[in-house]
Amino acid sequence: MGVAYEKFLERQKQLEQQYSAEYYEKQHNRGKLTARERILLLFDQGSFEEIDAFVPPVGVTFGKTTKAFGDGVIAGFGTIGGRQVYAYSQDFNVLGGSLGTTHAAKIVKVQDMALKTGLPVIGLIDSGGARIQEGVASLNGYANIFRRNVLASGVVPQISAIMGPAAGGAVYSPALTDFVFMTEGTSYMFVTGPDVVRQVLNENVTPDQLGGAKVHTSKSGVAQFVYSDDANTILGIKKLLTYLPSNNIENPPYVANDDPTDRVEEALRDIVPEDPDKPYDVRDVITLITDKGRFFEVSENYAPNIIVGFARLGGYVIGIIANQPKVMAGSLDIDSSVKAARFINFCDSFNIPIVTFEDVPGFLPGTDQEHQGIIRNGAKLLYAYTRATVPKITVVLRKSYGGAYIVMNSKGIGGDYNFAWPTAEIAVMGPDGAIAILFRKELAEAADPVALKKELVAKYRNEVANPYIADEKGFIDEVIDPAVTRAKIFRVLKSLDKKSVSLPRRKHGNTPL
């Protein structure tokens with residue numbers, strides 16, 4: 001064994017010594033895995049190839065730094081479920097995982113390689129933010145990362161997992177990616193921390209209250225998934241990847257199963273209540289139609305009046321959007337419109353057909369919604385559905401009124417196949433509002449206005465708000481037996497397998513932001 005090889009072994013030994021028992025204990029005491037443990041758990045055993053493991057932080061003239069290898073981030077590539085993926089994992093035990101020049105360069109290298117090779121990129125975030133000692137060079141490092149996030153958007157899937165702090169500039173890279181995971185109790189993200197809030201606004205707030213997992217998965221909508229600990233968060237990432245293609249040229253992974261595509265579900269005939277104002281859980285519809293009843297919901301705790309997520313039908317991945325009658329009667333508001341629009345944009349970017357289950361009485365009324373921009377935000381959903389060129393199928397389960405009928409993938413904005421159940425109600429507005437307008441005088445003069453209204457409402461539902469009128473005019477392709485919904489959707493999906501749409505040439509549209 002020569003001197004050169006001995007030097008190589010000595011260098012390897014120095015890297016191993018950096019990860020001492022104390023190093024692991026320090027992170028475990030915070031209730032977190034180390035950066036390296038996260039990487040090893042994420043990738044298939046023995047598949048991870050690290051790059052730039054020995055690069056040190058740059059020297060600084062102000063403040064202190066360290067001679068630790070890797071500059072606070074582990075980066076490289078490997079396989080997850082047999083598929084190649086790039087990833088980086090920030091190391092909070094090295095300078096608080098702060099982003100310096102070398103740290104940023106490693107992340108940028110991973111992003112560039114992912115884009116060159118058409119592979120997903122995953123960021124495991126655990127960082128105190130920009131490295132103060134390196135000044136503007138650290139800020140420029142973030143700028144380089146953000147630029148790659150934008151360039152890769154819609155080209156390769158980008159996933160972020162917040163597994164510790166993410167403050168200041170550190171939050172914008174996750175915000176630019178497709179999906180954000182958080183870990184309950186140990187992760188948080190905010191532009192300005194509790195200390196700044198206290199100084200500027202004289203408001204006392206904890207990191208968890210300001211930007212914890214519950215806040216961002218239920219109130220802000222910044223994060224789509226929350227799990228109880230690091231290990232389960234990583235399992236969640238791996239599960240999401242099973243539904244995604246590696247890039248915008250490939251199709252999502254097909255997984256064969258023995259669930260018959262022509263399976264008849266008689267239970268679907270009784271899910272929608274006879275009382276049109278009675279709620280039900282649309283998830284019951286979804287699970288009876290998808291392969292093995294499996295549904296991977298996205299943003300479950302945010303804007304729950306609309307349901308979005310991934311499933312398979314006949315082994316093929318589909319994106320599902322469904323109004324939820326259990327919450328706000330399934331009406332569309334600002335948050336649900338933006339949530340669904342973003343999901344549609346992702347599915348369209350990555351060749352995932354969209355199946356919509358519709359039961360919507362309209363847009364949520366009120367001064368709060370109007371003043372906060374329901375028109376502008378509702379237009380985002382309309383824009384997303386109209387622009388999407390992947391196969392688009394709608395099943396009207398019950399209510400489909402007014403502008404919400406148009407927005408929820410109607411034929412007029414480009415729906416490929418639009419089905420309706422016999423329980424569907426399709427009209428300009430609901431019976432109560434229509435009768436109040438059309439028969440205002442008769443109701444005012446009636447001896448028993450309540451009885452008259454009830455009679456007129458029933459007549460309106462029977463003669464106007466039924467699916468057969470829309471069917472006869474071609475705005476619904478077919479009114480179907482609910483029990484065969486799975487088979488109908490699958491056959492239509494197969495018929496749309498070679499769908500191709502040419503859009504007008506342009507740099508890009510002007511989304512109503």
# chains A, B, ... in the order shown; residues from 1 in each chain; ligands from 1
$ residues_around --residues "Leu382 of chain A" --least-positions-apart "5" --cutoff "9 Å" --atoms "only C-alpha atoms" --output "PyMOL selection string"
chain A and resi 337+341+387+406-409+413
$ residues_around --residues "Tyr302 of chain A" --least-positions-apart "3" --cutoff "8 Å" --atoms "only C-alpha atoms" --output "PyMOL selection string"
chain A and resi 217-221+224+299+335
$ write_last_selection --atoms "N, CA and C atoms" --output "PDB file, in the first residue's frame"
ATOM      1  N   THR A 217     -49.613  24.090   7.566  1.00  0.00           N
ATOM      2  CA  THR A 217     -50.422  23.080   6.877  1.00  0.00           C
ATOM      3  C   THR A 217     -51.916  23.334   7.013  1.00  0.00           C
ATOM      4  N   SER A 218     -52.321  24.252   7.894  1.00  0.00           N
ATOM      5  CA  SER A 218     -53.753  24.498   8.064  1.00  0.00           C
ATOM      6  C   SER A 218     -54.163  25.948   7.819  1.00  0.00           C
ATOM      7  N   LYS A 219     -53.238  26.895   8.057  1.00  0.00           N
ATOM      8  CA  LYS A 219     -53.606  28.309   7.931  1.00  0.00           C
ATOM      9  C   LYS A 219     -53.004  28.984   6.703  1.00  0.00           C
ATOM     10  N   SER A 220     -51.693  28.862   6.534  1.00  0.00           N
ATOM     11  CA  SER A 220     -51.040  29.565   5.422  1.00  0.00           C
ATOM     12  C   SER A 220     -51.070  28.773   4.125  1.00  0.00           C
ATOM     13  N   GLY A 221     -51.097  27.449   4.220  1.00  0.00           N
ATOM     14  CA  GLY A 221     -51.062  26.611   3.025  1.00  0.00           C
ATOM     15  C   GLY A 221     -49.684  26.492   2.409  1.00  0.00           C
ATOM     16  N   GLN A 224     -47.707  21.206   2.487  1.00  0.00           N
ATOM     17  CA  GLN A 224     -48.791  20.284   2.110  1.00  0.00           C
ATOM     18  C   GLN A 224     -48.898  19.064   3.018  1.00  0.00           C
ATOM     19  N   SER A 299     -52.361  18.445   1.023  1.00  0.00           N
ATOM     20  CA  SER A 299     -52.918  19.609   1.740  1.00  0.00           C
ATOM     21  C   SER A 299     -54.232  19.258   2.436  1.00  0.00           C
ATOM     22  N   ASP A 335     -59.132  30.309  -0.576  1.00  0.00           N
ATOM     23  CA  ASP A 335     -58.113  29.301  -0.276  1.00  0.00           C
ATOM     24  C   ASP A 335     -58.293  28.036  -1.111  1.00  0.00           C
TER      25      ASP A 335
END
$ residues_around --residues "Ala379 of chain A" --least-positions-apart "4" --cutoff "7 Å" --atoms "only C-alpha atoms" --output "VMD selection string"
chain A and resid 375 383 512
$ write_last_selection --atoms "N, CA and C atoms" --output "PDB file, in the first residue's frame"
ATOM      1  N   ILE A 375     -62.675  37.187  -6.689  1.00  0.00           N
ATOM      2  CA  ILE A 375     -62.728  37.253  -8.154  1.00  0.00           C
ATOM      3  C   ILE A 375     -61.361  36.904  -8.739  1.00  0.00           C
ATOM      4  N   TYR A 383     -58.304  29.643 -14.714  1.00  0.00           N
ATOM      5  CA  TYR A 383     -57.135  29.722 -15.594  1.00  0.00           C
ATOM      6  C   TYR A 383     -56.408  28.383 -15.632  1.00  0.00           C
ATOM      7  N   PRO A 512     -53.655  35.242 -13.372  1.00  0.00           N
ATOM      8  CA  PRO A 512     -54.221  36.283 -12.490  1.00  0.00           C
ATOM      9  C   PRO A 512     -53.736  36.142 -11.045  1.00  0.00           C
TER      10      PRO A 512
END
$ atom_distance --atom1 "atom CA of Gly433 of chain A" --atom2 "atom CA of Arg461 of chain A"
12.2 Å
$ select_by_dssp --residues "segment 154-368 of chain A" --states "alpha helix (DSSP H)" --output "VMD selection string"
chain A and resid 172 to 176 194 to 201 207 to 211 213 to 218 230 to 241 282 to 289 334 to 349 367 to 368
$ residues_around --residues "segment 476-493 of chain A" --least-positions-apart "2" --cutoff "7 Å" --atoms "only C-alpha atoms" --output "PyMOL selection string"
chain A and resi 261-266+268-269+289+313-314+417-422+467+470-471+474+495-497
$ write_last_selection --atoms "C-alpha atoms" --output "short mmCIF file (atom, residue, chain, number, x, y, z; two decimals), in the first residue's frame"
data_model
loop_
_atom_site.label_atom_id
_atom_site.label_comp_id
_atom_site.auth_asym_id
_atom_site.auth_seq_id
_atom_site.Cartn_x
_atom_site.Cartn_y
_atom_site.Cartn_z
CA THR A 261 -61.08 -1.74 -13.99
CA ASP A 262 -64.72 -2.70 -14.69
CA ARG A 263 -65.49 -3.19 -11.01
CA VAL A 264 -69.11 -2.24 -10.23
CA GLU A 265 -69.72 -0.42 -6.92
CA GLU A 266 -73.42 -0.46 -6.10
CA LEU A 268 -72.11 4.58 -5.06
CA ARG A 269 -75.81 4.70 -5.90
CA ILE A 289 -63.49 4.30 -7.40
CA LEU A 313 -56.95 3.81 -11.71
CA GLY A 314 -56.10 0.59 -13.52
CA TYR A 417 -65.36 14.08 -20.93
CA ASN A 418 -68.02 15.31 -18.54
CA PHE A 419 -70.28 12.78 -16.87
CA ALA A 420 -73.14 13.32 -14.45
CA TRP A 421 -74.93 11.12 -11.97
CA PRO A 422 -78.75 11.12 -11.95
CA PRO A 467 -78.69 16.60 -15.68
CA ALA A 470 -77.37 19.47 -20.06
CA ASP A 471 -77.03 15.96 -21.51
CA GLY A 474 -74.19 18.18 -25.23
CA SER A 495 -59.20 6.79 -25.09
CA LEU A 496 -57.33 9.99 -24.17
CA ASP A 497 -53.98 8.25 -23.93
#
$ residues_around --residues "Pro252 of chain A" --least-positions-apart "5" --cutoff "7 Å" --atoms "only C-alpha atoms" --output "list in words"
Tyr243, Leu244, Pro245, Val317 and Ile352 of chain A
$ residues_around --residues "Ala436 of chain A" --least-positions-apart "5" --cutoff "12 Å" --atoms "only C-alpha atoms" --output "MDAnalysis selection string"
chainID A and resid 429:431 441:444 449:450 452:454 456:457 460
$ closest_residue --among "A:Leu240, A:Ala303, A:Ala167, A:Ile286" --to "Ile122 of chain A" --atoms "only C-alpha atoms"
A:Leu240
$ residues_around --residues "segment 6-18 of chain A" --least-positions-apart "6" --cutoff "9 Å" --atoms "only C-alpha atoms" --output "CSV table (one decimal) with C-alpha atoms, in the first residue's frame"
chain,number,residue,atom,x,y,z
A,53,ALA,CA,-17.8,15.8,1.1
A,54,PHE,CA,-14.5,17.4,2.0
A,68,ALA,CA,-15.5,21.1,9.5
A,69,PHE,CA,-15.8,19.2,6.2
$ closest_residue --among "A:Glu203, A:Asp432, A:Asp230, A:Glu297" --to "Ile39 of chain A" --atoms "only C-alpha atoms"
A:Asp230
$ atom_distance --atom1 "atom CA of Asn305 of chain A" --atom2 "atom CA of Gly330 of chain A"
5.1 Å
